[in-house]
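Source file coords_19.txt; content: compact mmCIF, C-alpha atoms.
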```
# COMPACT_ATOMS: atom_id res chain seq x y z
CA MET N 1 197.31 -72.09 210.18
CA LYS N 2 194.76 -72.42 212.98
CA PRO N 3 191.15 -73.14 211.93
CA LYS N 4 189.84 -70.00 213.69
CA VAL N 5 192.27 -67.81 211.74
CA VAL N 6 191.32 -69.46 208.45
CA LEU N 7 187.61 -69.01 209.16
CA ARG N 8 188.11 -65.36 210.13
CA LYS N 9 190.02 -64.63 206.90
CA LEU N 10 187.39 -66.45 204.85
CA ARG N 11 184.60 -64.47 206.57
CA ILE N 12 186.39 -61.20 205.79
CA ARG N 13 186.83 -62.15 202.13
CA VAL N 14 183.20 -63.28 201.69
CA SER N 15 181.89 -60.14 203.42
CA SER N 16 184.10 -57.98 201.21
CA LEU N 17 182.97 -59.74 198.05
CA LEU N 18 179.30 -59.35 198.98
CA PHE N 19 179.96 -55.67 199.75
CA SER N 20 181.42 -55.09 196.29
CA TRP N 21 178.52 -56.86 194.56
CA THR N 22 175.85 -54.85 196.34
CA ARG N 23 177.18 -51.33 195.74
CA GLY N 24 175.81 -50.71 192.23
CA LYS N 25 177.13 -49.09 189.08
CA ASN N 26 178.59 -45.98 190.75
CA PHE N 27 181.25 -48.08 192.47
CA GLU N 28 184.53 -49.14 190.90
CA PHE N 29 186.88 -51.56 192.60
CA GLY N 30 190.47 -52.50 191.83
CA ARG N 31 191.33 -55.97 190.58
CA ARG N 32 192.27 -57.28 194.00
CA LEU N 33 189.64 -57.50 196.67
CA THR N 34 188.95 -54.66 199.07
CA LEU N 35 188.84 -56.17 202.54
CA ILE N 36 186.27 -55.22 205.13
CA GLU N 37 186.83 -56.42 208.68
CA GLY N 38 183.75 -56.16 210.88
CA ARG N 39 180.47 -54.57 209.86
CA TRP N 40 179.96 -52.93 206.49
CA PRO N 41 180.65 -49.21 206.33
CA ILE N 42 177.67 -46.88 206.14
CA ILE N 43 177.57 -45.59 202.57
CA ASP N 44 175.28 -43.00 200.97
CA ASN N 45 176.48 -42.78 197.37
CA LYS N 46 174.72 -40.47 194.92
CA GLY N 47 177.94 -39.72 193.01
CA LYS N 48 180.89 -41.95 192.12
CA ILE N 49 183.19 -43.98 194.37
CA ARG N 50 186.40 -45.62 193.17
CA ILE N 51 188.37 -47.87 195.51
CA GLY N 52 191.81 -49.11 194.50
CA SER N 53 193.10 -52.66 194.81
CA ASN N 54 194.00 -54.20 198.12
CA SER N 55 192.41 -51.50 200.25
CA TYR N 56 191.23 -52.29 203.75
CA ILE N 57 188.29 -50.91 205.71
CA ARG N 58 188.21 -51.75 209.42
CA THR N 59 184.81 -51.56 211.11
CA LEU N 60 185.17 -53.56 214.31
CA THR N 61 183.80 -50.93 216.72
CA ILE N 62 182.35 -47.96 214.81
CA PRO N 63 181.71 -48.38 211.09
CA PRO N 64 183.10 -45.66 208.82
CA THR N 65 180.54 -43.38 207.17
CA ILE N 66 181.07 -42.48 203.51
CA THR N 67 178.79 -39.91 201.86
CA VAL N 68 179.13 -38.85 198.23
CA PHE N 69 176.74 -36.21 196.94
CA GLU N 70 175.28 -36.06 193.44
CA ASN N 71 177.92 -35.22 190.80
CA ALA N 72 180.69 -35.65 193.38
CA ALA N 73 183.52 -38.19 193.40
CA LEU N 74 185.56 -40.05 196.01
CA GLU N 75 188.71 -41.84 194.94
CA LEU N 76 190.67 -44.11 197.29
CA GLY N 77 194.05 -45.31 196.03
CA HIS N 78 195.54 -48.80 196.18
CA ASP N 79 196.58 -50.27 199.53
CA THR N 80 194.73 -47.61 201.50
CA TYR N 81 193.70 -48.33 205.10
CA ILE N 82 190.58 -46.79 206.67
CA ASN N 83 190.09 -47.39 210.38
CA ASN N 84 187.08 -47.41 212.74
CA GLY N 85 184.77 -44.39 212.79
CA VAL N 86 186.26 -42.52 209.82
CA ASN N 87 183.79 -40.09 208.27
CA ILE N 88 184.28 -39.03 204.63
CA CYS N 89 181.91 -36.62 202.88
CA ALA N 90 182.45 -35.56 199.26
CA SER N 91 180.33 -32.78 197.77
CA THR N 92 182.76 -32.10 194.90
CA SER N 93 185.92 -34.24 194.96
CA ILE N 94 188.08 -36.08 197.47
CA VAL N 95 191.16 -37.89 196.18
CA ILE N 96 193.08 -40.08 198.62
CA GLY N 97 196.35 -41.48 197.25
CA ASN N 98 197.95 -44.91 197.42
CA ASN N 99 199.24 -46.43 200.68
CA VAL N 100 197.43 -43.87 202.85
CA ARG N 101 196.82 -44.79 206.49
CA ILE N 102 193.79 -43.15 208.11
CA ALA N 103 193.47 -43.69 211.88
CA ASP N 104 190.34 -43.91 214.04
CA MET N 105 187.73 -41.13 214.02
CA VAL N 106 189.26 -39.01 211.24
CA TYR N 107 186.88 -36.64 209.41
CA ILE N 108 187.50 -35.69 205.76
CA TYR N 109 185.09 -33.11 204.30
CA ASP N 110 185.29 -31.07 201.10
CA THR N 111 182.44 -28.79 202.18
CA ASP N 112 181.44 -26.63 205.12
CA PHE N 113 177.84 -27.81 204.52
CA HIS N 114 176.27 -24.38 205.18
CA ALA N 115 177.08 -20.67 205.26
CA THR N 116 178.51 -19.28 208.48
CA THR N 117 177.06 -15.78 207.96
CA PRO N 118 174.37 -14.26 205.71
CA GLN N 119 177.12 -12.70 203.56
CA THR N 120 178.94 -15.97 202.79
CA ILE N 121 178.19 -19.15 200.93
CA ALA N 122 179.14 -22.65 201.98
CA LYS N 123 182.71 -23.50 201.00
CA LYS N 124 183.03 -26.43 198.60
CA GLU N 125 186.59 -27.18 197.52
CA ALA N 126 188.35 -30.40 196.55
CA VAL N 127 190.53 -32.28 199.06
CA LYS N 128 193.72 -34.01 197.89
CA ILE N 129 195.72 -36.40 200.05
CA GLY N 130 198.99 -37.60 198.51
CA ASP N 131 200.49 -41.07 198.46
CA ASN N 132 201.88 -42.67 201.62
CA VAL N 133 200.30 -40.16 204.01
CA TRP N 134 199.52 -41.08 207.60
CA ILE N 135 196.64 -39.23 209.28
CA GLY N 136 196.51 -39.53 213.08
CA ALA N 137 193.41 -40.29 215.12
CA ASN N 138 190.72 -37.63 215.66
CA SER N 139 192.07 -35.35 212.93
CA MET N 140 189.95 -33.29 210.53
CA ILE N 141 190.80 -32.64 206.88
CA LEU N 142 188.60 -29.79 205.68
CA ALA N 143 187.54 -28.22 202.36
CA GLY N 144 190.44 -27.10 200.20
CA ALA N 145 193.09 -29.08 202.11
CA THR N 146 196.02 -30.60 200.26
CA ILE N 147 198.47 -32.96 201.94
CA GLY N 148 201.74 -33.78 200.14
CA ARG N 149 203.28 -37.24 199.68
CA HIS N 150 204.79 -39.05 202.67
CA SER N 151 203.51 -36.48 205.19
CA VAL N 152 202.24 -37.25 208.68
CA ILE N 153 199.31 -35.43 210.27
CA GLY N 154 199.47 -35.63 214.07
CA ALA N 155 196.53 -36.88 216.11
CA GLY N 156 193.83 -34.29 216.77
CA SER N 157 195.03 -31.90 214.04
CA ILE N 158 192.82 -29.79 211.77
CA VAL N 159 194.08 -29.35 208.20
CA THR N 160 192.57 -26.39 206.33
CA GLY N 161 195.24 -25.50 203.76
CA GLU N 162 198.32 -26.94 202.11
CA ILE N 163 200.71 -29.29 203.88
CA PRO N 164 203.91 -29.85 201.86
CA PRO N 165 205.38 -33.30 201.10
CA LYS N 166 207.65 -35.13 203.55
CA CYS N 167 206.79 -33.33 206.74
CA VAL N 168 205.06 -33.72 210.09
CA ALA N 169 202.21 -31.29 210.75
CA VAL N 170 200.27 -30.93 214.00
CA GLY N 171 197.86 -28.55 215.68
CA ARG N 172 194.66 -26.62 215.16
CA PRO N 173 195.20 -25.44 212.48
CA ALA N 174 197.91 -27.89 211.46
CA ILE N 175 201.38 -26.36 211.00
CA VAL N 176 204.59 -28.03 209.91
CA ILE N 177 206.84 -28.82 212.86
CA ARG N 178 209.41 -30.94 211.06
CA THR N 179 210.50 -32.02 207.61
CA PHE N 180 212.29 -35.24 206.68
CA GLU N 181 213.92 -36.95 203.73
CA ALA N 182 212.49 -40.11 202.19
CA PRO N 183 212.97 -41.76 198.80
CA ASP N 184 210.04 -41.09 196.47
CA ASP N 185 209.30 -44.82 196.24
CA TRP N 186 209.31 -45.36 200.02
CA VAL N 187 206.16 -46.96 201.43
CA ARG N 188 205.28 -46.61 205.11
CA PRO N 189 205.03 -50.06 206.76
```

Just dump the structure as structure tokens.
Amino acid sequence: MKPKVVLRKLRIRVSSLLFSWTRGKNFEFGRRLTLIEGRWPIIDNKGKIRIGSNSYIRTLTIPPTITVFENAALELGHDTYINNGVNICASTSIVIGNNVRIADMVYIYDTDFHATTPQTIAKKEAVKIGDNVWIGANSMILAGATIGRHSVIGAGSIVTGEIPPKCVAVGRPAIVIRTFEAPDDWVRP
């Protein structure tokens, strides 16, 4: 292996280890190291964050922003990939399954943050993203959204409700345009 490649991998591992040591008691990490490539993500954690083993956070251009409010929880499964500029905000609960791929500039919120009219209150509802889901660039996953296993969310989509397993959903709001078959143990490469 070339020396530059070895040094780059070592730098990523050291940065990731330092990241895990500096995050405090409200962070849980899987047994295998979570890799961070680039700058550290911007994290404001007043709740609880759990990151599964072998997850990967890419921050080469725009670091992801992760905000967890008091008494809220964010759970990232094993082998989950978070790309540049992802913004995750948990006010109640966000659960992201195993082997999930999240592309650049995706926003995942479980709150509307504020009321839209004097007669309403801000929506706060858990978000659940199943295993082996792929979320395309510039998509938004909003309060109350549920995405089933193996599903694909097309780039630029807005998910506000339930997306069933094993389908492709696109649009604003996202609607299912196709379903497909896949073994339950299939993992997207």

Within 9 Å of stretch 121-128 of chain N using all atoms listed in the file, minus same-chain residues under 2 positions, as a PyMOL selection string | chain N and resi 90-97+108-119+130+141-148

Selection above as a file: C-alpha atoms, as a short mmCIF file (atom, residue, chain, number, x, y, z; two decimals), in the frame of the given file:
```
data_model
loop_
_atom_site.label_atom_id
_atom_site.label_comp_id
_atom_site.auth_asym_id
_atom_site.auth_seq_id
_atom_site.Cartn_x
_atom_site.Cartn_y
_atom_site.Cartn_z
CA ALA N 90 182.45 -35.56 199.26
CA SER N 91 180.33 -32.78 197.77
CA THR N 92 182.76 -32.10 194.90
CA SER N 93 185.92 -34.24 194.96
CA ILE N 94 188.08 -36.08 197.47
CA VAL N 95 191.16 -37.89 196.18
CA ILE N 96 193.08 -40.08 198.62
CA GLY N 97 196.35 -41.48 197.25
CA ILE N 108 187.50 -35.69 205.76
CA TYR N 109 185.09 -33.11 204.30
CA ASP N 110 185.29 -31.07 201.10
CA THR N 111 182.44 -28.79 202.18
CA ASP N 112 181.44 -26.63 205.12
CA PHE N 113 177.84 -27.81 204.52
CA HIS N 114 176.27 -24.38 205.18
CA ALA N 115 177.08 -20.67 205.26
CA THR N 116 178.51 -19.28 208.48
CA THR N 117 177.06 -15.78 207.96
CA PRO N 118 174.37 -14.26 205.71
CA GLN N 119 177.12 -12.70 203.56
CA GLY N 130 198.99 -37.60 198.51
CA ILE N 141 190.80 -32.64 206.88
CA LEU N 142 188.60 -29.79 205.68
CA ALA N 143 187.54 -28.22 202.36
CA GLY N 144 190.44 -27.10 200.20
CA ALA N 145 193.09 -29.08 202.11
CA THR N 146 196.02 -30.60 200.26
CA ILE N 147 198.47 -32.96 201.94
CA GLY N 148 201.74 -33.78 200.14
#
```

Pick from N:Leu76, N:Val86, N:Leu60, N:Val168: nearest to N:Lys48, with all atoms listed in the file counted?
-> N:Leu76

Rank nothing, just name the residue among N:Ile36, N:Ile82, N:Gly171, N:Glu162 nearest to N:Trp134, using all atoms listed in the file.
-> N:Ile82

Top pick for closest residue to N:Asp79, considering N:Val159, N:Val187, N:Ala174, N:Ile66 and counting all atoms listed in the file |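 Distance minimum relative to N:Asp79 lands on N:Val187.
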
Point-to-point distance in Å for atom CA of N:Lys46 and atom CA of N:Ile129 |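 Atom CA of N:Lys46 lies 22.0 Å from atom CA of N:Ile129.
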
Atom pair atom CA of N:Asn83 / atom CA of N:Thr65: separation (Å) |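 Distance reported for this atom pair: 10.8 Å.
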
Atom CA of N:Ile42 to atom CA of N:Asn26, straight-line distance in Å |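 Rounded to one decimal, the two atoms are 15.4 Å apart.
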
Reconstruct stretch 34-69 of chain N at the level of N, CA and C atoms, and format the result as a PDB file, in the coordinates of the input.
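result.pdb written:
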```
ATOM      1  N   THR N  34     188.917 -55.590 197.952  1.00  0.00           N
ATOM      2  CA  THR N  34     188.950 -54.660 199.070  1.00  0.00           C
ATOM      3  C   THR N  34     188.438 -55.417 200.292  1.00  0.00           C
ATOM      4  N   LEU N  35     189.219 -55.425 201.354  1.00  0.00           N
ATOM      5  CA  LEU N  35     188.840 -56.170 202.540  1.00  0.00           C
ATOM      6  C   LEU N  35     188.070 -55.306 203.521  1.00  0.00           C
ATOM      7  N   ILE N  36     187.050 -55.888 204.093  1.00  0.00           N
ATOM      8  CA  ILE N  36     186.270 -55.220 205.130  1.00  0.00           C
ATOM      9  C   ILE N  36     186.288 -56.133 206.345  1.00  0.00           C
ATOM     10  N   GLU N  37     186.783 -55.633 207.452  1.00  0.00           N
ATOM     11  CA  GLU N  37     186.830 -56.420 208.680  1.00  0.00           C
ATOM     12  C   GLU N  37     185.817 -55.849 209.651  1.00  0.00           C
ATOM     13  N   GLY N  38     184.811 -56.627 209.997  1.00  0.00           N
ATOM     14  CA  GLY N  38     183.750 -56.160 210.880  1.00  0.00           C
ATOM     15  C   GLY N  38     182.481 -55.902 210.084  1.00  0.00           C
ATOM     16  N   ARG N  39     181.719 -54.938 210.549  1.00  0.00           N
ATOM     17  CA  ARG N  39     180.470 -54.570 209.860  1.00  0.00           C
ATOM     18  C   ARG N  39     180.769 -53.789 208.588  1.00  0.00           C
ATOM     19  N   TRP N  40     179.792 -53.726 207.703  1.00  0.00           N
ATOM     20  CA  TRP N  40     179.960 -52.930 206.490  1.00  0.00           C
ATOM     21  C   TRP N  40     179.959 -51.460 206.847  1.00  0.00           C
ATOM     22  N   PRO N  41     180.722 -50.658 206.102  1.00  0.00           N
ATOM     23  CA  PRO N  41     180.650 -49.210 206.330  1.00  0.00           C
ATOM     24  C   PRO N  41     179.278 -48.683 205.937  1.00  0.00           C
ATOM     25  N   ILE N  42     178.927 -47.536 206.484  1.00  0.00           N
ATOM     26  CA  ILE N  42     177.670 -46.880 206.140  1.00  0.00           C
ATOM     27  C   ILE N  42     177.949 -46.010 204.923  1.00  0.00           C
ATOM     28  N   ILE N  43     177.272 -46.298 203.821  1.00  0.00           N
ATOM     29  CA  ILE N  43     177.570 -45.590 202.570  1.00  0.00           C
ATOM     30  C   ILE N  43     176.292 -45.003 201.997  1.00  0.00           C
ATOM     31  N   ASP N  44     176.351 -43.696 201.681  1.00  0.00           N
ATOM     32  CA  ASP N  44     175.280 -43.000 200.970  1.00  0.00           C
ATOM     33  C   ASP N  44     175.928 -42.437 199.713  1.00  0.00           C
ATOM     34  N   ASN N  45     175.776 -43.140 198.604  1.00  0.00           N
ATOM     35  CA  ASN N  45     176.480 -42.780 197.370  1.00  0.00           C
ATOM     36  C   ASN N  45     175.506 -42.331 196.291  1.00  0.00           C
ATOM     37  N   LYS N  46     175.510 -41.016 196.027  1.00  0.00           N
ATOM     38  CA  LYS N  46     174.720 -40.470 194.920  1.00  0.00           C
ATOM     39  C   LYS N  46     175.640 -40.003 193.790  1.00  0.00           C
ATOM     40  N   GLY N  47     176.947 -40.133 193.997  1.00  0.00           N
ATOM     41  CA  GLY N  47     177.940 -39.720 193.010  1.00  0.00           C
ATOM     42  C   GLY N  47     178.706 -40.925 192.508  1.00  0.00           C
ATOM     43  N   LYS N  48     180.038 -40.866 192.613  1.00  0.00           N
ATOM     44  CA  LYS N  48     180.890 -41.950 192.120  1.00  0.00           C
ATOM     45  C   LYS N  48     181.967 -42.249 193.152  1.00  0.00           C
ATOM     46  N   ILE N  49     182.147 -43.535 193.455  1.00  0.00           N
ATOM     47  CA  ILE N  49     183.190 -43.980 194.370  1.00  0.00           C
ATOM     48  C   ILE N  49     184.101 -44.950 193.632  1.00  0.00           C
ATOM     49  N   ARG N  50     185.401 -44.716 193.757  1.00  0.00           N
ATOM     50  CA  ARG N  50     186.400 -45.620 193.170  1.00  0.00           C
ATOM     51  C   ARG N  50     187.365 -46.032 194.262  1.00  0.00           C
ATOM     52  N   ILE N  51     187.492 -47.334 194.473  1.00  0.00           N
ATOM     53  CA  ILE N  51     188.370 -47.870 195.510  1.00  0.00           C
ATOM     54  C   ILE N  51     189.438 -48.714 194.841  1.00  0.00           C
ATOM     55  N   GLY N  52     190.704 -48.393 195.104  1.00  0.00           N
ATOM     56  CA  GLY N  52     191.810 -49.110 194.500  1.00  0.00           C
ATOM     57  C   GLY N  52     191.970 -50.519 195.049  1.00  0.00           C
ATOM     58  N   SER N  53     192.837 -51.278 194.419  1.00  0.00           N
ATOM     59  CA  SER N  53     193.100 -52.660 194.810  1.00  0.00           C
ATOM     60  C   SER N  53     193.694 -52.752 196.202  1.00  0.00           C
ATOM     61  N   ASN N  54     193.372 -53.837 196.862  1.00  0.00           N
ATOM     62  CA  ASN N  54     194.000 -54.200 198.120  1.00  0.00           C
ATOM     63  C   ASN N  54     193.797 -53.174 199.230  1.00  0.00           C
ATOM     64  N   SER N  55     192.712 -52.450 199.173  1.00  0.00           N
ATOM     65  CA  SER N  55     192.410 -51.500 200.250  1.00  0.00           C
ATOM     66  C   SER N  55     191.731 -52.241 201.391  1.00  0.00           C
ATOM     67  N   TYR N  56     191.704 -51.613 202.549  1.00  0.00           N
ATOM     68  CA  TYR N  56     191.230 -52.290 203.750  1.00  0.00           C
ATOM     69  C   TYR N  56     190.387 -51.307 204.558  1.00  0.00           C
ATOM     70  N   ILE N  57     189.181 -51.731 204.905  1.00  0.00           N
ATOM     71  CA  ILE N  57     188.290 -50.910 205.710  1.00  0.00           C
ATOM     72  C   ILE N  57     188.003 -51.676 206.998  1.00  0.00           C
ATOM     73  N   ARG N  58     188.379 -51.086 208.122  1.00  0.00           N
ATOM     74  CA  ARG N  58     188.210 -51.750 209.420  1.00  0.00           C
ATOM     75  C   ARG N  58     186.999 -51.153 210.131  1.00  0.00           C
ATOM     76  N   THR N  59     186.066 -52.023 210.516  1.00  0.00           N
ATOM     77  CA  THR N  59     184.810 -51.560 211.110  1.00  0.00           C
ATOM     78  C   THR N  59     184.454 -52.366 212.350  1.00  0.00           C
ATOM     79  N   LEU N  60     185.436 -52.695 213.161  1.00  0.00           N
ATOM     80  CA  LEU N  60     185.170 -53.560 214.310  1.00  0.00           C
ATOM     81  C   LEU N  60     184.347 -52.884 215.393  1.00  0.00           C
ATOM     82  N   THR N  61     184.546 -51.604 215.648  1.00  0.00           N
ATOM     83  CA  THR N  61     183.800 -50.930 216.720  1.00  0.00           C
ATOM     84  C   THR N  61     182.786 -49.945 216.158  1.00  0.00           C
ATOM     85  N   ILE N  62     183.242 -48.972 215.384  1.00  0.00           N
ATOM     86  CA  ILE N  62     182.350 -47.960 214.810  1.00  0.00           C
ATOM     87  C   ILE N  62     182.546 -47.985 213.297  1.00  0.00           C
ATOM     88  N   PRO N  63     181.518 -48.309 212.532  1.00  0.00           N
ATOM     89  CA  PRO N  63     181.710 -48.380 211.090  1.00  0.00           C
ATOM     90  C   PRO N  63     181.983 -46.996 210.486  1.00  0.00           C
ATOM     91  N   PRO N  64     182.887 -46.923 209.522  1.00  0.00           N
ATOM     92  CA  PRO N  64     183.100 -45.660 208.820  1.00  0.00           C
ATOM     93  C   PRO N  64     181.822 -45.235 208.085  1.00  0.00           C
ATOM     94  N   THR N  65     181.666 -43.929 207.912  1.00  0.00           N
ATOM     95  CA  THR N  65     180.540 -43.380 207.170  1.00  0.00           C
ATOM     96  C   THR N  65     181.103 -42.677 205.937  1.00  0.00           C
ATOM     97  N   ILE N  66     180.616 -43.064 204.767  1.00  0.00           N
ATOM     98  CA  ILE N  66     181.070 -42.480 203.510  1.00  0.00           C
ATOM     99  C   ILE N  66     179.851 -41.906 202.801  1.00  0.00           C
ATOM    100  N   THR N  67     179.885 -40.600 202.546  1.00  0.00           N
ATOM    101  CA  THR N  67     178.790 -39.910 201.860  1.00  0.00           C
ATOM    102  C   THR N  67     179.349 -39.237 200.624  1.00  0.00           C
ATOM    103  N   VAL N  68     178.729 -39.496 199.472  1.00  0.00           N
ATOM    104  CA  VAL N  68     179.130 -38.850 198.230  1.00  0.00           C
ATOM    105  C   VAL N  68     177.881 -38.248 197.613  1.00  0.00           C
ATOM    106  N   PHE N  69     177.887 -36.915 197.481  1.00  0.00           N
ATOM    107  CA  PHE N  69     176.740 -36.210 196.940  1.00  0.00           C
ATOM    108  C   PHE N  69     176.638 -36.393 195.425  1.00  0.00           C
TER     109      PHE N  69
END
```
